[in-house]
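Undergrad: Shown below is the structure under consideration.
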There are 2 protein chains.
Amino acid sequence: MVPHLITALTGPINELEQRILESMPAVERWFRLEWMEHTPPFYCSVDVRNAGFKLAPVDTNLYPGGWNNLTPEMLPLAVQAAMAAVEKICPEAKNLLIVPENGKRSSFYLSNIAQLQRIFRMAGLNVRVGSIDPDIKKQTTIQIPHDDPVTLEPVVRGKHRLGLKNFDPCTILLNNDLTAGAPGILEDLHEQYLLPPLHAGWSVRRKSRHFQSYEDVAKRFGKMLGIDPWLVNPLFNRCGELDFAKSEGLDCLRANVDALMAKIRRKYKEYGINEKPFVVVKADYGSEGMGIMTVRDVKDLDQIRDRPKNKPPVVKGGKAITDVIIQEGVLTAERINDAVAEPVVYMMDRYVVGGFYRVHADRGIDENLNAPGAVYVPLAFAESTRLPQPGQKPGASAPNRFYMYGVIGRLAMLAASYELEATDPAAETYD
Amino acid sequence: MVPHLITALTGPINELEQRILESMPAVERWFRLEWMEHTPPFYCSVDVRNAGFKLAPVDTNLYPGGWNNLTPEMLPLAVQAAMAAVEKICPEAKNLLIVPENGKRSSFYLSNIAQLQRIFRMAGLNVRVGSIDPDIKKQTTIQIPHDDPVTLEPVVRGKHRLGLKNFDPCTILLNNDLTAGAPGILEDLHEQYLLPPLHAGWSVRRKSRHFQSYEDVAKRFGKMLGIDPWLVNPLFNRCGELDFAKSEGLDCLRANVDALMAKIRRKYKEYGINEKPFVVVKADYGSEGMGIMTVRDVKDLDQIRDRPKNKPPVVKGGKAITDVIIQEGVLTAERINDAVAEPVVYMMDRYVVGGFYRVHADRGIDENLNAPGAVYVPLAFAESTRLPQPGQKPGASAPNRFYMYGVIGRLAMLAASYELEATDPAAETYD
């Protein structure tokens with residue numbers, strides 16, 4: 001089950017891995033104490049890039065799809081974590097309603113929903129799938145190749161509750177990232193647990209805010225371990241009020257790309273890294289890979305200037321991009337059978353429950369892999385999940401590598417927790 | 001990995017299995033609510049007997065050995081549960097001291113210690129093994145075939161703390177069942193977490209009290225499910241103040257065996273079971289299989305009368321047995337390759353983390369299998385731990401069977417929790 005990994009790890013990353021492995025008790029204790037103060041998001045997936053000299057999250061998804069990529073061996077871990085989460089948040093729960101994305105009918109996505117349904121059923125809940133898609137007007141069962149069928153049912157909204165005909169859930173699990181905004185049908189559900197909360201949706205969330213929180217987390221983590229936080233933290237800038245249709249804001253973008261490139265160049269010089277720096281420009285909100293652009297030189301931005309004015313870059317739902325994050329590009333040194341790969345770490349409650357490699361044969365080491373043509377290979381979790389073997393050489397063993405990935409995934413999850421606290425509209429009532 | 005199971009399940013057990021599977025959300029919710037009120041023992045193993053018509057625990061061990069029998073696939077579950085337990089009890093912990101049995105040096109037992117050390121290391125703690133055996137006077141590393149070596153170190157006792165030279169643990173995990181009584185060296189450790197607490201040791205615990213608590217639990221569980229609690233509860237009586245050396249108390253034993261046999265006979269009649277009832281007489285405390293006697297007829301007790309007076313039955317440590325529990329014998333209908341088998345369920349915190357079959361080729365279906373010659377086969381946990389597949393026929397699928405075993409294991413764990421509350425010497429201070 002262990003995928004064939006080709007890594008070319010040299011320099012600081014081995015020191016980093018060594019430091020993290022040696023400090024495992026301190027790291028785990030640090031997370032335990034953090035989780036005493038902060039509530040983890042209900043579930044979460046994190047895209048990690050391992051450049052060899054640097055290891056960092058590049059995207060944190062609070063409505064993870066792709067649960068179907070977890071292997072059957074990982075399922076018990078997810079179920080146990082789901083039990084822990086339910087126990088903490090809603091111990092008296094019996095019925096759970098999953099709200100999927102609207103209109104997403106690929107068998108891949110529906111298989112993800114089938115897997116979530118399985119996980120929460122096995123955790124001991126009655127689970128049904130309630131669609132808020134206006135096109136779902138009656139119970140609709142969809143067959144999926146190699147998986148259980150999924151039955152979508154139209155939701156029924158009461159004054160303060162959402163449910164199905166003859167199904168009154170105490171808990172509603174969103175697997176819909178609300179890119180198009182939080183619909184009224186999900187508002188004011190004061191009698192039910194809505195997980196994650198509405199402000200975790202992309203109508204409120206901003207990647208720049210997440211990576212701001214992540215920077216704080218990385219600084220504190222770096223201080224605890226005595227390492228440069230840059231080794232786990234992707235630098236970033238942001239630009240707002242762009243109008244790609246009118247080429248407005250290009251100057252802001254150029255200036256920020258330039259400034260970030262210079263910062264990265266300094267860091268590369270400091271560590272003697274002979275790679276060409278690059279940045280990734282992406283919409284400041286939205287979970288899909290659309291509108292992501294790798295910029296290796298400020299001149300690359302001219303393609304934005306030169307693109308047809310009637311085809312501005314959009315996020316899911318067709319909304320034009322007005323705010324972008326310019327993120328330090330992190331190379332990926334991971335390969336599976338010669339194809340470029342990046343690990344994706346899945347978490348539920350505070351636990352790493354599994355992961356897989358996103359692999360793209362047609363993409364370069366500095367490109368976004370979350371694009372059509374990507375395939376998924378389970379992480380080599382078989383023997384010991386994120387569990388290092390004490391005494392084994394860093395870099396030498398797969399489990400040691402995966403422990404690190406789990407640490408980086410949890411740092412990003414913690415940043416999401418900070419972020420949700422900061423954006424919680426109900427928070428002021430506790431002051 | 002699925003062991004070849006031959007079960008001959010007929011009659012009520014299928015109804016019971018059906019009822020438990022149908023009621024899974026209610027069962028899980030019930031457990032969640034119970035664990036809000038009661039603290040699970042830190043860890044626990046339960047011997048389960050599946051008679052086909054009845055499924056019941058026959059022994060609950062609060063200092064489980066045999067962790068080495070869990071497969072590598074089960075390890076992540078144990079680690080995750082260990083993380084949850086540590087998080088709840090002692091989140092600020094960094095160092096854990098495991099205290100093993102004194103004088104037990106079989107590679108089997110030491111492999112169990114190596115496994116526990118692995119689990120808690122992987123959960124992020126510094127783990128060392130501190131022996132309270134006076135024979136361990138210096139650091140002693142013992143090689144084990146096919147496993148990591150175990151290093152035993154002599155404990156160092158301070159005023160209110162126990163540790164090793166240069167190792168000050170915040171938490172002490174006992175894997176020593178204290179049959180010989182709680183030693184002074186473990187008393188008054190007010191500054192550290194001692195897990196499980198001293199009153200979980202056999203110097204305080206009584207099997208009859210455990211099964212009294214279990215009866216309460218089974219009644220409430222039966223009421224919730226609408227089933228006869230007898231289907232999951234082994235009946236019992238007890239006799240105290242025996243003196244086997246003088247044959248004293250044999251009348252009490254005879255009367256109790258007779259009474260219990262009559263009760264079982266009535267139950268067998270009620271359910272149309274054509275098996276011969278039997279009872280098991282065992283010491284009311286102690287974890288080892290010594291001194292366990294299967295009684296199929298009250299005349300069998302004559303072997304006690306007739307045994308040499310200078311060889312009275314003893315428990316571990318050589319203490320004569322004065323109190324016995326007379327427990328309804330539960331046949332085991334499980335077979336692995338024609339050998340009689342019984343499942344053993346392992347739990348940590350409130351989670352079922354694995355299990356195995358105890359298999360004995362030379363024993364009958366009504367005999368104790370925890371005896372020399374027993375071998376251990378991992379439970380068929382590979383695909384979905386204790387996770388039933390909804391819609392599959394009861395009895396037909398291994399996962400469905402194992403869900404039931406996990407339920408019974410947890411009922412016994414809950415009974416242990418009640419029991420520990422009742423015997424907690426510190427409890428009165430909260431009144």
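If you're wondering about the labels, chains in the structure tokens are A, B, ... by order shown, residues count from 1 in each chain, ligands from 1 in order shown.
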Just the strand (DSSP E) stuff from range 201-421 of chain A, please, per backbone DSSP, written as a PyMOL selection string.
TA: chain A and resi 236-239+279-283+293-295+324-328+334-336+339-348+351-360+375-378
Undergrad: Identify every residue of chain B that has at least one atom within 9 Å of any atom of chain A, counting only C-alpha atoms, and report the result as a count of residues only.
TA: 47
Undergrad: As an MDAnalysis selection string, please: all residues of range 88-305 of chain B that backbone DSSP puts in helix (DSSP H, G or I).
TA: chainID B and resid 88:89 107:122 184:186 198:200 207:225 229:231 244:246 250:270 298:305
Undergrad: Restricting it to C-alpha atoms, dump the selection as a short mmCIF file (atom, residue, chain, number, x, y, z; two decimals), in the first residue's frame.
TA:
data_model
loop_
_atom_site.label_atom_id
_atom_site.label_comp_id
_atom_site.auth_asym_id
_atom_site.auth_seq_id
_atom_site.Cartn_x
_atom_site.Cartn_y
_atom_site.Cartn_z
CA LYS B 88 -8.99 14.64 28.97
CA ILE B 89 -7.11 13.50 32.06
CA SER B 107 8.58 -12.35 26.24
CA PHE B 108 4.80 -12.37 25.74
CA TYR B 109 4.21 -10.03 28.65
CA LEU B 110 7.20 -7.83 27.84
CA SER B 111 5.97 -7.53 24.28
CA ASN B 112 2.73 -6.22 25.75
CA ILE B 113 4.74 -3.57 27.62
CA ALA B 114 6.66 -2.72 24.44
CA GLN B 115 3.35 -2.24 22.64
CA LEU B 116 1.97 0.06 25.37
CA GLN B 117 5.18 2.04 25.24
CA ARG B 118 4.77 2.35 21.46
CA ILE B 119 1.15 3.47 21.74
CA PHE B 120 1.87 6.24 24.23
CA ARG B 121 5.03 7.33 22.45
CA MET B 122 3.06 7.66 19.27
CA GLY B 184 3.13 1.56 49.95
CA ILE B 185 5.35 2.90 47.20
CA LEU B 186 2.22 3.67 45.15
CA LEU B 198 -5.30 2.03 43.31
CA HIS B 199 -8.82 0.89 44.13
CA ALA B 200 -9.05 -0.66 40.67
CA LYS B 207 -15.69 -9.85 40.53
CA SER B 208 -19.03 -10.20 42.30
CA ARG B 209 -19.23 -6.42 42.72
CA HIS B 210 -18.35 -5.94 39.07
CA PHE B 211 -21.08 -8.29 37.92
CA GLN B 212 -23.51 -6.65 40.33
CA SER B 213 -22.78 -3.35 38.55
CA TYR B 214 -22.98 -5.14 35.23
CA GLU B 215 -26.42 -6.47 36.12
CA ASP B 216 -27.60 -2.89 36.75
CA VAL B 217 -26.11 -1.77 33.43
CA ALA B 218 -27.63 -4.74 31.58
CA LYS B 219 -31.06 -4.00 33.08
CA ARG B 220 -30.98 -0.40 31.91
CA PHE B 221 -29.61 -1.39 28.52
CA GLY B 222 -32.28 -4.11 28.20
CA LYS B 223 -34.99 -1.63 29.11
CA MET B 224 -33.76 0.83 26.49
CA LEU B 225 -33.72 -1.87 23.80
CA PRO B 229 -31.30 -8.41 30.10
CA TRP B 230 -30.47 -12.08 30.64
CA LEU B 231 -29.52 -12.26 26.95
CA PHE B 244 -10.77 -24.99 51.13
CA ALA B 245 -8.01 -26.41 53.33
CA LYS B 246 -10.66 -27.39 55.86
CA LEU B 250 -18.66 -26.35 50.85
CA ASP B 251 -22.31 -26.36 51.90
CA CYS B 252 -22.65 -22.69 50.98
CA LEU B 253 -21.02 -23.45 47.64
CA ARG B 254 -23.31 -26.43 47.00
CA ALA B 255 -26.43 -24.47 47.85
CA ASN B 256 -25.43 -21.57 45.63
CA VAL B 257 -24.45 -23.77 42.72
CA ASP B 258 -27.77 -25.58 43.03
CA ALA B 259 -29.76 -22.35 43.16
CA LEU B 260 -27.94 -20.86 40.18
CA MET B 261 -28.30 -24.06 38.14
CA ALA B 262 -32.04 -23.98 38.79
CA LYS B 263 -32.26 -20.37 37.62
CA ILE B 264 -30.33 -21.11 34.43
CA ARG B 265 -32.47 -24.18 33.79
CA ARG B 266 -35.61 -22.03 33.98
CA LYS B 267 -34.14 -19.54 31.53
CA TYR B 268 -33.08 -22.33 29.14
CA LYS B 269 -36.61 -23.71 29.33
CA GLU B 270 -38.12 -20.27 28.68
CA VAL B 298 -23.22 -30.21 42.01
CA LYS B 299 -21.35 -33.52 42.41
CA ASP B 300 -18.39 -31.95 40.62
CA LEU B 301 -17.80 -30.03 43.80
CA ASP B 302 -16.73 -33.24 45.47
CA GLN B 303 -13.34 -32.83 43.78
CA ILE B 304 -12.84 -29.87 46.07
CA ARG B 305 -13.75 -32.02 49.08
#
Undergrad: Find, counting only C-alpha atoms, the residue in A:Pro372, A:Asn274, A:Pro378, A:Asp243 that gets nearest to Val324 in chain A.
TA: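 Smallest distance to Val324 in chain A is found for A:Asp243.
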Undergrad: Might you pull out every residue within 8 Å of range 150-163 of chain B, with only C-alpha atoms counted and same-chain residues fewer than 2 positions away left off, and present them as a ChimeraX atom specification?
TA: /B:97,110-111,113-114,128-134,136-144,148,165,167-169,185-186,188-192
Undergrad: With N, CA, C and O atoms retained, could you export that selection as a compact mmCIF listing (two decimals), in the first residue's frame?
TA:
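In the end it all went to again_3.txt:
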# COMPACT_ATOMS: atom_id res chain seq x y z
N LEU B 97 5.07 7.23 32.97
CA LEU B 97 5.79 6.08 33.52
C LEU B 97 4.86 4.87 33.51
O LEU B 97 3.77 4.94 34.06
N LEU B 110 6.35 -8.99 28.13
CA LEU B 110 7.20 -7.83 27.84
C LEU B 110 6.86 -7.21 26.49
O LEU B 110 6.97 -6.00 26.30
N SER B 111 6.39 -8.03 25.57
CA SER B 111 5.97 -7.53 24.28
C SER B 111 4.72 -6.66 24.45
O SER B 111 4.53 -5.66 23.74
N ILE B 113 4.21 -4.83 27.10
CA ILE B 113 4.74 -3.57 27.62
C ILE B 113 5.36 -2.75 26.48
O ILE B 113 5.14 -1.53 26.40
N ALA B 114 6.07 -3.42 25.59
CA ALA B 114 6.66 -2.72 24.44
C ALA B 114 5.57 -2.06 23.59
O ALA B 114 5.72 -0.93 23.12
N ARG B 128 8.68 5.81 29.78
CA ARG B 128 9.68 4.87 30.31
C ARG B 128 8.99 3.88 31.23
O ARG B 128 7.85 4.08 31.63
N VAL B 129 9.68 2.79 31.47
CA VAL B 129 9.08 1.70 32.25
C VAL B 129 9.77 1.63 33.60
O VAL B 129 10.98 1.41 33.69
N GLY B 130 9.01 1.86 34.66
CA GLY B 130 9.56 1.85 36.02
C GLY B 130 9.03 0.67 36.80
O GLY B 130 7.84 0.55 37.00
N SER B 131 9.94 -0.19 37.22
CA SER B 131 9.50 -1.38 37.94
C SER B 131 9.48 -1.13 39.44
O SER B 131 10.38 -0.49 39.99
N ILE B 132 8.43 -1.63 40.10
CA ILE B 132 8.38 -1.56 41.56
C ILE B 132 8.82 -2.89 42.15
O ILE B 132 8.68 -3.14 43.35
N ASP B 133 9.36 -3.76 41.30
CA ASP B 133 9.87 -5.05 41.73
C ASP B 133 11.20 -4.83 42.45
O ASP B 133 12.13 -4.28 41.88
N PRO B 134 11.29 -5.24 43.74
CA PRO B 134 12.55 -4.99 44.48
C PRO B 134 13.75 -5.66 43.81
O PRO B 134 14.89 -5.25 44.04
N ILE B 136 14.51 -5.47 40.73
CA ILE B 136 15.10 -4.58 39.71
C ILE B 136 15.86 -3.48 40.42
O ILE B 136 15.27 -2.53 40.93
N LYS B 137 17.16 -3.65 40.47
CA LYS B 137 17.99 -2.70 41.22
C LYS B 137 18.71 -1.72 40.31
O LYS B 137 19.24 -0.71 40.75
N LYS B 138 18.79 -2.06 39.02
CA LYS B 138 19.42 -1.13 38.06
C LYS B 138 18.72 -1.26 36.70
O LYS B 138 17.95 -2.20 36.47
N GLN B 139 19.02 -0.29 35.84
CA GLN B 139 18.45 -0.29 34.49
C GLN B 139 18.73 -1.64 33.82
O GLN B 139 19.87 -2.06 33.73
N THR B 140 17.69 -2.31 33.36
CA THR B 140 17.84 -3.66 32.81
C THR B 140 17.14 -3.72 31.46
O THR B 140 15.92 -3.58 31.38
N THR B 141 17.90 -3.92 30.41
CA THR B 141 17.29 -4.00 29.08
C THR B 141 17.13 -5.46 28.68
O THR B 141 18.08 -6.25 28.76
N ILE B 142 15.91 -5.80 28.31
CA ILE B 142 15.63 -7.19 27.96
C ILE B 142 15.27 -7.29 26.48
O ILE B 142 14.38 -6.58 26.01
N GLN B 143 15.97 -8.12 25.75
CA GLN B 143 15.66 -8.34 24.34
C GLN B 143 14.43 -9.23 24.23
O GLN B 143 14.26 -10.17 25.01
N ILE B 144 13.58 -8.93 23.27
CA ILE B 144 12.39 -9.75 23.04
C ILE B 144 12.42 -10.20 21.58
O ILE B 144 12.68 -9.39 20.70
N ASP B 148 10.72 -4.69 19.87
CA ASP B 148 11.72 -3.80 20.45
C ASP B 148 12.09 -4.28 21.84
O ASP B 148 11.25 -4.84 22.55
N LYS B 165 15.32 7.87 37.98
CA LYS B 165 16.46 8.79 38.01
C LYS B 165 16.37 9.69 36.78
O LYS B 165 16.27 9.19 35.65
N PHE B 167 13.95 11.33 35.58
CA PHE B 167 12.70 11.24 34.83
C PHE B 167 11.54 11.44 35.80
O PHE B 167 11.28 10.59 36.66
N ASP B 168 10.88 12.58 35.65
CA ASP B 168 9.80 12.93 36.57
C ASP B 168 8.48 12.91 35.79
O ASP B 168 8.19 13.85 35.06
N PRO B 169 7.73 11.84 35.89
CA PRO B 169 6.50 11.73 35.09
C PRO B 169 5.34 12.50 35.73
O PRO B 169 5.29 12.64 36.95
N ILE B 185 4.62 2.03 48.12
CA ILE B 185 5.35 2.90 47.20
C ILE B 185 4.40 3.61 46.22
O ILE B 185 4.75 4.63 45.64
N LEU B 186 3.19 3.06 46.06
CA LEU B 186 2.22 3.67 45.15
C LEU B 186 1.19 4.54 45.88
O LEU B 186 0.32 5.14 45.27
N ASP B 188 -0.28 7.65 48.31
CA ASP B 188 -0.07 9.09 48.57
C ASP B 188 0.71 9.80 47.46
O ASP B 188 1.53 10.67 47.73
N LEU B 189 0.47 9.42 46.21
CA LEU B 189 1.12 10.12 45.09
C LEU B 189 0.21 11.28 44.67
O LEU B 189 -0.33 11.31 43.58
N HIS B 190 0.05 12.24 45.58
CA HIS B 190 -0.97 13.26 45.37
C HIS B 190 -0.64 14.24 44.26
O HIS B 190 -1.49 14.98 43.81
N GLU B 191 0.61 14.27 43.84
CA GLU B 191 0.99 15.25 42.83
C GLU B 191 0.98 14.68 41.41
O GLU B 191 1.29 15.37 40.45
N GLN B 192 0.68 13.40 41.29
CA GLN B 192 0.71 12.76 39.97
C GLN B 192 -0.61 12.06 39.69
O GLN B 192 -1.36 11.72 40.59
Undergrad: Provide the CA of Arg238 in chain B to CA of Ala283 in chain B distance in Å, to one decimal place.
TA: 9.7 Å
